[in-house]
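Enquirer: What follows is data.cif, made up of mmCIF, C-alpha atoms:
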data_entry
#
loop_
_atom_site.group_PDB
_atom_site.id
_atom_site.type_symbol
_atom_site.label_atom_id
_atom_site.label_comp_id
_atom_site.auth_asym_id
_atom_site.auth_seq_id
_atom_site.Cartn_x
_atom_site.Cartn_y
_atom_site.Cartn_z
ATOM 1 C CA MET A 63 0.000 0.000 0.000
ATOM 2 C CA ASP A 64 1.320 3.422 -0.977
ATOM 3 C CA LEU A 65 0.712 5.650 2.046
ATOM 4 C CA ASN A 66 0.866 8.748 -0.161
ATOM 5 C CA GLN A 67 -1.974 7.418 -2.310
ATOM 6 C CA LYS A 68 -5.419 8.989 -1.935
ATOM 7 C CA ILE A 69 -7.924 7.042 0.152
ATOM 8 C CA PRO A 70 -10.943 5.591 -1.706
ATOM 9 C CA SER A 71 -13.789 8.061 -2.069
ATOM 10 C CA TYR A 72 -16.283 5.653 -0.458
ATOM 11 C CA ILE A 73 -14.610 6.179 2.946
ATOM 12 C CA THR A 74 -15.730 9.798 3.062
ATOM 13 C CA GLU A 75 -19.163 9.352 1.471
ATOM 14 C CA LYS A 76 -21.849 10.830 3.706
ATOM 15 C CA LYS A 77 -23.938 7.649 3.910
ATOM 16 C CA ASN A 78 -20.875 5.561 4.788
ATOM 17 C CA ILE A 79 -19.843 8.016 7.493
ATOM 18 C CA VAL A 80 -23.315 7.662 9.046
ATOM 19 C CA ARG A 81 -23.046 3.869 8.825
ATOM 20 C CA LEU A 82 -19.607 3.948 10.434
ATOM 21 C CA ILE A 83 -20.814 6.056 13.360
ATOM 22 C CA PHE A 84 -23.819 3.839 14.079
ATOM 23 C CA PHE A 85 -21.836 0.618 13.728
ATOM 24 C CA THR A 86 -19.053 1.945 15.981
ATOM 25 C CA ALA A 87 -21.595 2.952 18.635
ATOM 26 C CA PHE A 88 -23.295 -0.451 18.430
ATOM 27 C CA PHE A 89 -19.970 -2.311 18.602
ATOM 28 C CA ALA A 90 -18.776 -0.196 21.526
ATOM 29 C CA LEU A 91 -22.019 -0.825 23.407
ATOM 30 C CA ILE A 92 -21.657 -4.603 23.004
ATOM 31 C CA PHE A 93 -17.967 -4.414 23.859
ATOM 32 C CA ILE A 94 -18.435 -2.394 27.057
ATOM 33 C CA ASN A 95 -21.237 -4.649 28.294
ATOM 34 C CA LEU A 96 -19.278 -7.856 27.649
ATOM 35 C CA TYR A 97 -15.837 -6.833 28.852
ATOM 36 C CA SER A 98 -16.419 -3.813 31.099
ATOM 37 C CA PRO A 99 -13.187 -2.160 29.943
ATOM 38 C CA PHE A 100 -13.583 1.095 31.874
ATOM 39 C CA GLU A 101 -14.324 -0.426 35.298
ATOM 40 C CA VAL A 102 -18.014 0.201 34.684
ATOM 41 C CA ASN A 103 -19.155 -2.801 36.739
ATOM 42 C CA ASN A 104 -17.475 -1.500 39.874
ATOM 43 C CA TRP A 105 -19.163 1.865 39.475
ATOM 44 C CA ILE A 106 -22.526 0.182 38.766
ATOM 45 C CA LEU A 107 -22.260 -1.933 41.913
ATOM 46 C CA LYS A 108 -21.454 1.119 44.039
ATOM 47 C CA SER A 109 -24.383 3.052 42.514
ATOM 48 C CA ALA A 110 -26.743 0.105 42.960
ATOM 49 C CA VAL A 111 -25.862 -0.202 46.655
ATOM 50 C CA LYS A 112 -26.058 3.534 47.194
ATOM 51 C CA PHE A 113 -29.442 3.980 45.499
ATOM 52 C CA LYS A 114 -30.769 0.491 46.392
ATOM 53 C CA ILE A 115 -31.326 -0.564 42.788
ATOM 54 C CA GLU A 116 -32.010 -4.272 42.319
ATOM 55 C CA ASN A 117 -32.010 -4.574 38.502
ATOM 56 C CA LEU A 118 -28.262 -4.450 37.880
ATOM 57 C CA ASN A 119 -28.495 -5.548 34.228
ATOM 58 C CA LEU A 120 -30.809 -2.680 33.320
ATOM 59 C CA LEU A 121 -28.676 -0.206 35.232
ATOM 60 C CA LEU A 122 -25.536 -1.531 33.478
ATOM 61 C CA PHE A 123 -27.129 -1.228 30.049
ATOM 62 C CA VAL A 124 -28.454 2.298 30.607
ATOM 63 C CA SER A 125 -25.219 3.523 32.161
ATOM 64 C CA SER A 126 -22.974 1.965 29.527
ATOM 65 C CA SER A 127 -25.205 3.393 26.793
ATOM 66 C CA LEU A 128 -24.768 6.873 28.216
ATOM 67 C CA ILE A 129 -21.003 6.378 28.420
ATOM 68 C CA ILE A 130 -20.817 5.161 24.826
ATOM 69 C CA LEU A 131 -23.064 7.895 23.462
ATOM 70 C CA THR A 132 -21.003 10.628 25.073
ATOM 71 C CA GLY A 133 -17.757 9.016 23.920
ATOM 72 C CA VAL A 134 -18.984 8.519 20.350
ATOM 73 C CA LEU A 135 -19.594 12.259 20.154
ATOM 74 C CA VAL A 136 -15.842 12.509 19.561
ATOM 75 C CA VAL A 137 -16.226 10.262 16.522
ATOM 76 C CA VAL A 138 -19.271 12.190 15.284
ATOM 77 C CA LEU A 139 -17.475 15.535 15.452
ATOM 78 C CA SER A 140 -14.339 14.063 13.908
ATOM 79 C CA ARG A 141 -16.179 12.491 10.961
ATOM 80 C CA ILE A 142 -18.194 15.647 10.280
ATOM 81 C CA LEU A 143 -14.934 17.577 10.176
ATOM 82 C CA LEU A 144 -13.346 14.929 7.921
ATOM 83 C CA TYR A 145 -16.302 15.124 5.531
ATOM 84 C CA GLN A 146 -16.053 18.916 5.319
ATOM 85 C CA VAL A 147 -12.279 18.813 4.778
ATOM 86 C CA THR A 148 -12.457 16.262 1.954
ATOM 87 C CA LYS A 149 -15.423 18.053 0.406
ATOM 88 C CA ARG A 150 -13.581 21.369 0.215
ATOM 89 C CA ARG A 151 -9.965 20.300 -0.330
ATOM 90 C CA GLY A 152 -10.390 16.909 -2.004
ATOM 91 C CA SER A 153 -9.409 13.453 -0.774
ATOM 92 C CA ILE A 154 -6.629 12.893 1.748
ATOM 93 C CA THR A 155 -3.822 10.330 1.631
ATOM 94 C CA PHE A 156 -3.688 7.062 3.565
ATOM 95 C CA ILE A 157 -1.032 8.391 5.943
ATOM 96 C CA GLN A 158 -3.151 11.480 6.668
ATOM 97 C CA TYR A 159 -6.168 9.253 7.283
ATOM 98 C CA PHE A 160 -4.248 7.015 9.709
ATOM 99 C CA ILE A 161 -3.010 10.095 11.558
ATOM 100 C CA TRP A 162 -6.612 11.293 11.707
ATOM 101 C CA ILE A 163 -7.682 8.013 13.338
ATOM 102 C CA ALA A 164 -4.763 8.240 15.805
ATOM 103 C CA VAL A 165 -5.968 11.705 16.825
ATOM 104 C CA GLU A 166 -9.489 10.315 17.311
ATOM 105 C CA ILE A 167 -8.116 7.605 19.601
ATOM 106 C CA PHE A 168 -6.078 10.207 21.500
ATOM 107 C CA PHE A 169 -9.043 12.464 22.250
ATOM 108 C CA MET A 170 -11.515 9.644 22.906
ATOM 109 C CA SER A 171 -9.033 8.026 25.323
ATOM 110 C CA MET A 172 -8.597 11.368 27.036
ATOM 111 C CA PHE A 173 -12.362 11.651 27.408
ATOM 112 C CA TYR A 174 -12.748 8.180 28.933
ATOM 113 C CA ALA A 175 -9.787 8.656 31.286
ATOM 114 C CA LEU A 176 -11.269 11.913 32.577
ATOM 115 C CA TYR A 177 -14.711 10.283 32.767
ATOM 116 C CA GLU A 178 -13.372 7.461 34.945
ATOM 117 C CA ARG A 179 -11.748 9.861 37.377
ATOM 118 C CA ALA A 180 -14.657 12.315 37.515
ATOM 119 C CA PHE A 181 -17.630 9.920 37.625
ATOM 120 C CA LEU A 182 -16.406 6.405 38.351
ATOM 121 C CA GLY A 183 -14.136 7.312 41.244
ATOM 122 C CA ASP A 184 -10.987 5.787 39.690
ATOM 123 C CA THR A 185 -8.125 5.935 42.238
ATOM 124 C CA ARG A 186 -5.327 5.227 39.755
ATOM 125 C CA SER A 187 -3.026 7.966 38.533
ATOM 126 C CA PHE A 188 -4.272 9.746 35.448
ATOM 127 C CA LEU A 189 -1.319 8.461 33.404
ATOM 128 C CA ALA A 190 -2.030 4.835 34.345
ATOM 129 C CA ALA A 191 -5.747 5.245 33.614
ATOM 130 C CA TYR A 192 -4.949 6.942 30.301
ATOM 131 C CA LYS A 193 -2.671 4.111 29.142
ATOM 132 C CA VAL A 194 -5.399 1.556 29.762
ATOM 133 C CA SER A 195 -7.944 3.864 28.154
ATOM 134 C CA ILE A 196 -5.854 4.065 24.974
ATOM 135 C CA GLN A 197 -5.798 0.262 24.711
ATOM 136 C CA ASN A 198 -9.543 -0.039 25.231
ATOM 137 C CA THR A 199 -10.392 2.858 22.933
ATOM 138 C CA ALA A 200 -8.161 1.475 20.185
ATOM 139 C CA LEU A 201 -10.170 -1.775 20.337
ATOM 140 C CA VAL A 202 -13.474 0.106 20.427
ATOM 141 C CA LEU A 203 -12.568 2.103 17.304
ATOM 142 C CA LEU A 204 -10.138 0.059 15.226
ATOM 143 C CA LEU A 205 -12.189 -3.143 15.111
ATOM 144 C CA PRO A 206 -15.416 -1.535 13.793
ATOM 145 C CA TYR A 207 -13.351 0.749 11.531
ATOM 146 C CA SER A 208 -11.625 -2.253 9.964
ATOM 147 C CA ILE A 209 -14.860 -4.195 9.541
ATOM 148 C CA SER A 210 -16.595 -1.146 8.073
ATOM 149 C CA TRP A 211 -13.709 -0.522 5.678
ATOM 150 C CA LEU A 212 -13.916 -4.099 4.383
ATOM 151 C CA TYR A 213 -17.692 -3.818 4.061
ATOM 152 C CA PHE A 214 -17.534 -0.488 2.190
ATOM 153 C CA SER A 215 -14.834 -1.879 -0.094
ATOM 154 C CA TRP A 216 -16.974 -4.928 -0.822
ATOM 155 C CA ILE A 217 -19.991 -2.744 -1.649
ATOM 156 C CA ASP A 218 -17.861 -0.514 -3.877
ATOM 157 C CA LYS A 219 -16.393 -3.477 -5.784
ATOM 158 C CA ASN A 220 -19.874 -4.942 -6.296
ATOM 159 C CA ARG A 221 -21.083 -1.579 -7.562
ATOM 160 C CA MET A 222 -18.164 -1.380 -9.996
ATOM 161 C CA LEU A 223 -18.829 -4.921 -11.202
ATOM 162 C CA GLU A 224 -22.488 -4.060 -11.776
ATOM 163 C CA GLN A 225 -21.499 -0.968 -13.743
ATOM 164 C CA LEU A 226 -19.062 -2.977 -15.853
ATOM 165 C CA LYS A 227 -21.738 -5.590 -16.454
ATOM 166 C CA GLU A 228 -24.239 -2.941 -17.498
ATOM 167 C CA GLU A 229 -21.689 -1.292 -19.790
ATOM 168 C CA SER A 230 -20.783 -4.669 -21.260
ATOM 169 C CA ASP A 231 -24.436 -5.543 -21.827
ATOM 170 C CA THR A 232 -25.054 -2.132 -23.361
ATOM 171 C CA ALA A 233 -22.042 -2.502 -25.646
ATOM 172 C CA ILE A 234 -23.280 -5.893 -26.822
ATOM 173 C CA ASP A 235 -26.791 -4.589 -27.449
ATOM 174 C CA THR A 236 -25.716 -1.438 -29.258
ATOM 175 C CA LYS A 237 -23.391 -3.326 -31.563
ATOM 176 C CA GLU A 238 -26.136 -5.678 -32.647
ATOM 177 C CA MET A 239 -28.055 -2.892 -34.356
ATOM 178 C CA ILE A 240 -27.172 0.687 -35.179
ATOM 179 C CA VAL A 241 -29.924 3.271 -35.510
ATOM 180 C CA PHE A 242 -29.634 6.341 -37.712
ATOM 181 C CA ASN A 243 -31.787 9.384 -37.024
ATOM 182 C CA ASP A 244 -32.228 12.373 -39.299
ATOM 183 C CA GLU A 245 -31.352 15.921 -38.307
ATOM 184 C CA LYS A 246 -34.692 16.227 -36.457
ATOM 185 C CA GLY A 247 -34.054 13.111 -34.389
ATOM 186 C CA THR A 248 -36.503 10.889 -36.235
ATOM 187 C CA MET A 249 -35.403 7.289 -36.747
ATOM 188 C CA ARG A 250 -34.894 6.574 -40.453
ATOM 189 C CA LEU A 251 -32.744 3.463 -40.687
ATOM 190 C CA SER A 252 -31.741 0.586 -38.405
ATOM 191 C CA ILE A 253 -29.276 -2.054 -39.611
ATOM 192 C CA LYS A 254 -26.879 -4.589 -38.167
ATOM 193 C CA PHE A 255 -23.640 -2.858 -37.344
ATOM 194 C CA SER A 256 -21.722 -5.744 -38.893
ATOM 195 C CA ASP A 257 -23.383 -4.872 -42.246
ATOM 196 C CA LEU A 258 -22.377 -1.206 -42.181
ATOM 197 C CA LEU A 259 -19.451 -0.274 -44.469
ATOM 198 C CA TYR A 260 -19.020 3.485 -44.433
ATOM 199 C CA LEU A 261 -20.751 6.864 -44.397
ATOM 200 C CA GLN A 262 -20.237 9.587 -46.973
ATOM 201 C CA ALA A 263 -21.181 13.237 -46.624
ATOM 202 C CA ALA A 264 -23.114 14.676 -49.560
ATOM 203 C CA ASP A 265 -24.134 18.323 -49.042
ATOM 204 C CA ASN A 266 -26.951 18.216 -46.444
ATOM 205 C CA TYR A 267 -27.215 14.457 -46.628
ATOM 206 C CA VAL A 268 -25.199 11.403 -45.609
ATOM 207 C CA ASN A 269 -24.998 8.319 -47.775
ATOM 208 C CA ILE A 270 -25.086 5.207 -45.585
ATOM 209 C CA VAL A 271 -23.424 2.356 -47.474
ATOM 210 C CA TYR A 272 -24.024 -1.146 -46.151
ATOM 211 C CA CYS A 273 -24.210 -4.800 -47.191
ATOM 212 C CA ASN A 274 -27.566 -6.241 -48.149
ATOM 213 C CA LYS A 275 -27.683 -9.860 -49.314
ATOM 214 C CA ASP A 276 -24.036 -9.828 -50.399
ATOM 215 C CA LYS A 277 -24.487 -6.607 -52.318
ATOM 216 C CA GLN A 278 -23.704 -2.990 -51.512
ATOM 217 C CA ALA A 279 -26.732 -0.871 -50.736
ATOM 218 C CA LYS A 280 -27.080 2.839 -50.099
ATOM 219 C CA TYR A 281 -29.467 4.919 -48.035
ATOM 220 C CA MET A 282 -29.543 8.720 -48.192
ATOM 221 C CA LEU A 283 -30.141 10.333 -44.806
ATOM 222 C CA ARG A 284 -30.732 14.036 -44.214
ATOM 223 C CA SER A 285 -28.121 14.685 -41.551
ATOM 224 C CA SER A 286 -24.394 15.360 -41.194
ATOM 225 C CA LEU A 287 -21.339 13.280 -40.335
ATOM 226 C CA LYS A 288 -20.813 15.450 -37.266
ATOM 227 C CA LEU A 289 -24.255 14.612 -35.869
ATOM 228 C CA ILE A 290 -23.796 10.916 -36.575
ATOM 229 C CA GLU A 291 -20.326 10.963 -35.022
ATOM 230 C CA ASP A 292 -21.659 12.585 -31.852
ATOM 231 C CA ASP A 293 -24.614 10.172 -31.611
ATOM 232 C CA HIS A 294 -22.607 6.975 -32.133
ATOM 233 C CA LYS A 295 -19.436 7.363 -30.070
ATOM 234 C CA ALA A 296 -19.953 3.875 -28.615
ATOM 235 C CA TYR A 297 -19.296 2.357 -32.029
ATOM 236 C CA PRO A 298 -15.926 1.907 -33.776
ATOM 237 C CA LEU A 299 -16.813 4.495 -36.405
ATOM 238 C CA VAL A 300 -13.656 6.344 -37.407
ATOM 239 C CA ARG A 301 -13.448 9.589 -39.341
ATOM 240 C CA CYS A 302 -10.879 9.042 -42.079
ATOM 241 C CA HIS A 303 -11.692 11.982 -44.289
ATOM 242 C CA ARG A 304 -13.690 15.196 -44.245
ATOM 243 C CA SER A 305 -16.351 13.369 -46.255
ATOM 244 C CA TYR A 306 -15.995 9.803 -44.984
ATOM 245 C CA MET A 307 -16.516 7.855 -41.800
ATOM 246 C CA VAL A 308 -15.748 4.137 -41.832
ATOM 247 C CA ASN A 309 -16.818 1.117 -39.827
ATOM 248 C CA PHE A 310 -13.305 0.237 -38.715
ATOM 249 C CA GLU A 311 -14.229 -3.380 -38.107
ATOM 250 C CA LYS A 312 -14.497 -3.634 -41.908
ATOM 251 C CA VAL A 313 -10.991 -2.264 -42.567
ATOM 252 C CA LYS A 314 -8.638 -5.058 -43.604
ATOM 253 C CA ILE A 315 -5.730 -3.140 -45.160
ATOM 254 C CA ILE A 316 -4.161 0.291 -44.790
ATOM 255 C CA ARG A 317 -2.178 0.972 -47.932
ATOM 256 C CA ARG A 318 0.224 3.858 -48.519
ATOM 257 C CA GLU A 319 0.386 5.224 -52.067
ATOM 258 C CA LYS A 320 2.037 8.271 -53.604
ATOM 259 C CA ASP A 321 -1.157 10.247 -53.178
ATOM 260 C CA GLY A 322 -1.547 9.185 -49.529
ATOM 261 C CA LEU A 323 -3.182 6.473 -47.455
ATOM 262 C CA HIS A 324 -6.063 4.279 -48.560
ATOM 263 C CA LEU A 325 -8.297 1.901 -46.642
ATOM 264 C CA GLU A 326 -9.395 -1.356 -48.219
ATOM 265 C CA LEU A 327 -12.651 -2.672 -46.794
ATOM 266 C CA ASP A 328 -13.964 -6.182 -46.401
ATOM 267 C CA ALA A 329 -16.941 -5.785 -48.719
ATOM 268 C CA PRO A 330 -18.782 -7.846 -51.373
ATOM 269 C CA GLU A 331 -17.172 -5.673 -54.046
ATOM 270 C CA TYR A 332 -13.740 -4.036 -54.111
ATOM 271 C CA LEU A 333 -13.961 -0.915 -52.010
ATOM 272 C CA GLU A 334 -11.402 1.582 -50.780
ATOM 273 C CA LEU A 335 -11.622 4.930 -49.030
ATOM 274 C CA PRO A 336 -9.078 7.782 -48.918
ATOM 275 C CA VAL A 337 -7.447 8.970 -45.714
ATOM 276 C CA SER A 338 -6.788 12.698 -45.512
ATOM 277 C CA LYS A 339 -3.769 14.098 -43.660
ATOM 278 C CA THR A 340 -6.032 15.549 -40.958
ATOM 279 C CA TYR A 341 -7.227 12.105 -39.896
ATOM 280 C CA ILE A 342 -4.065 9.996 -40.379
ATOM 281 C CA GLU A 343 -3.255 9.917 -36.661
ATOM 282 C CA GLU A 344 -6.829 8.970 -35.724
ATOM 283 C CA VAL A 345 -6.847 6.133 -38.267
ATOM 284 C CA PHE A 346 -3.507 4.700 -37.131
ATOM 285 C CA HIS A 347 -4.569 4.952 -33.499
ATOM 286 C CA ALA A 348 -7.715 2.954 -34.291
ATOM 287 C CA PHE A 349 -5.597 0.413 -36.152
ATOM 288 C CA GLY A 350 -3.348 0.024 -33.100
ATOM 289 C CA HIS A 351 -0.228 1.632 -34.552
ATOM 290 C CA THR A 352 1.598 4.922 -34.277
ATOM 291 C CA VAL A 353 2.083 7.254 -37.182
ATOM 292 C CA SER A 354 5.445 6.860 -38.898
#
Can the structure in the file be given as structure tokens, please?
Expert:
Amino acid sequence: MDLNQKIPSYITEKKNIVRLIFFTAFFALIFINLYSPFEVNNWILKSAVKFKIENLNLLLFVSSSLIILTGVLVVVLSRILLYQVTKRRGSITFIQYFIWIAVEIFFMSMFYALYERAFLGDTRSFLAAYKVSIQNTALVLLLPYSISWLYFSWIDKNRMLEQLKEESDTAIDTKEMIVFNDEKGTMRLSIKFSDLLYLQAADNYVNIVYCNKDKQAKYMLRSSLKLIEDDHKAYPLVRCHRSYMVNFEKVKIIRREKDGLHLELDAPEYLELPVSKTYIEEVFHAFGHTVS
């Protein structure tokens, strides 16, 4: 892991921050009731005797909930600040994020150490109580943070896979048929993309040349190559000339002659298109080569 790399954006998404806070509070509540890390049981017993309370379990749950809620306020304030920082200045690096968590542990440990001395009657020195508080707070925060991070990463990867699947499905569907609309957006022609050969500009029209039963056919569409190019960027349609756009899946040979480059197409009849100097780089890039 490169510590200078930016953290994933899903860590600082608002909904994930809310999830993290609630999960951390829930985890801390379970943790404090099971392990009593801050000497809560001793304080509960003293309070129960003093106030003659018989239901110790209820008293423990209510008291520990109050302790956790007040302690989690540190996390709430920290995550709100983190969200605002990343929103205004952009994402932070991993090392900055780890330092941020260390600061959270520092202040939350400080809170619990002071809480023990002020309300639980802890007789240890503050330094000794603070050392133990750091250990307990690190467990309270780092475990739910780690679990949440894995969960958010899993959700993000699933979302990316779904997007890739949708894009893949869309690509497959769009390459089955290609639809041509006129300049007003009205559908005029729909053919299999594998049958399309090339497009040729002709004044205010575009000649669509395609294969039809092993013969070349032509359809005249009132539109422009620019409109068609903008509407069909998902297809391997390459501009090779001011007046021509070619289905590059039909190009089988690029031939250099004295008068320039020519494209030979895989068509029922011999067919070649010129390549103007303006579009040489685009054509070679589509062909997978560099211009030489």
Enquirer: Using the chain letters and numbers from this file, what does the PyMOL selection byres ((chain A and resi 295-311) around 6) select? Give the answer as a PyMOL selection string.
Expert: chain A and resi 259-263+292+294+312-313+337-338+341
Enquirer: Just to confirm, what's the straight-line distance from atom CA of A:Ile94 to atom CA of A:Ser208 in Å (one decimal)?
Expert: 18.4 Å
Enquirer: I'd like the neighbourhood of A:Arg141 as number ranges by chain, where a residue qualifies if any of its atoms comes within 10 Å (using only C-alpha atoms), though same-chain residues fewer than 5 positions away should be ignored.
Expert: A: 74, 76, 79-80, 82-83, 135-136, 146-147, 162-163, 166
Enquirer: Just to confirm, what's the straight-line distance from atom CA of A:Ser140 to atom CA of A:Phe89 in Å (one decimal)?
Expert: 17.9 Å
Enquirer: Using only C-alpha atoms, which of the listed residues (A:Asn266, A:Asn243, A:Thr248, A:Ser210) sits closest to A:Phe84?
Expert: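 The answer is A:Ser210, which sits nearest to A:Phe84.
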Enquirer: For each of A:Ile142, A:Ile129, A:Leu201, A:Ile154, take the minimum atom-to-atom distance to A:Leu176, counting all atoms listed in the file, then give the residue where this is smallest.
Expert: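 Smallest distance to A:Leu176 is found for A:Ile129.
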Enquirer: Could you pull the residues within 9 Å of A:Lys277, counting all atoms listed in the file, minus those fewer than 5 positions along the same chain, as a PyMOL selection string?
Expert: chain A and resi 272+329-331
Enquirer: Since I can't run it myself right now, could you work out what the PyMOL selection byres ((chain A and resi 156) around 7) selects here and report it as a list in words?
Expert: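 In the shown coordinates, the PyMOL selection byres ((chain A and resi 156) around 7) covers Leu65, Asn66, Gln67, Lys68, Ile69, Ile154, Thr155, Ile157, Gln158, Tyr159 and Phe160 of chain A.
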Enquirer: Would you place a box with edges along x, y and z of the file around all atoms of stretch 212-221 of chain A listed there, add 5 Å to each of its six sides, and report the centre and edge lengths in Å to one decimal, as AutoDock Vina command-line options?
Expert:
--center_x -17.5 --center_y -2.7 --center_z -1.6 --size_x 17.2 --size_y 14.5 --size_z 21.9
Enquirer: In Å, with one decimal, what is the gap from atom CA of A:Ala264 to atom CA of A:Leu289?
Expert: 13.7 Å
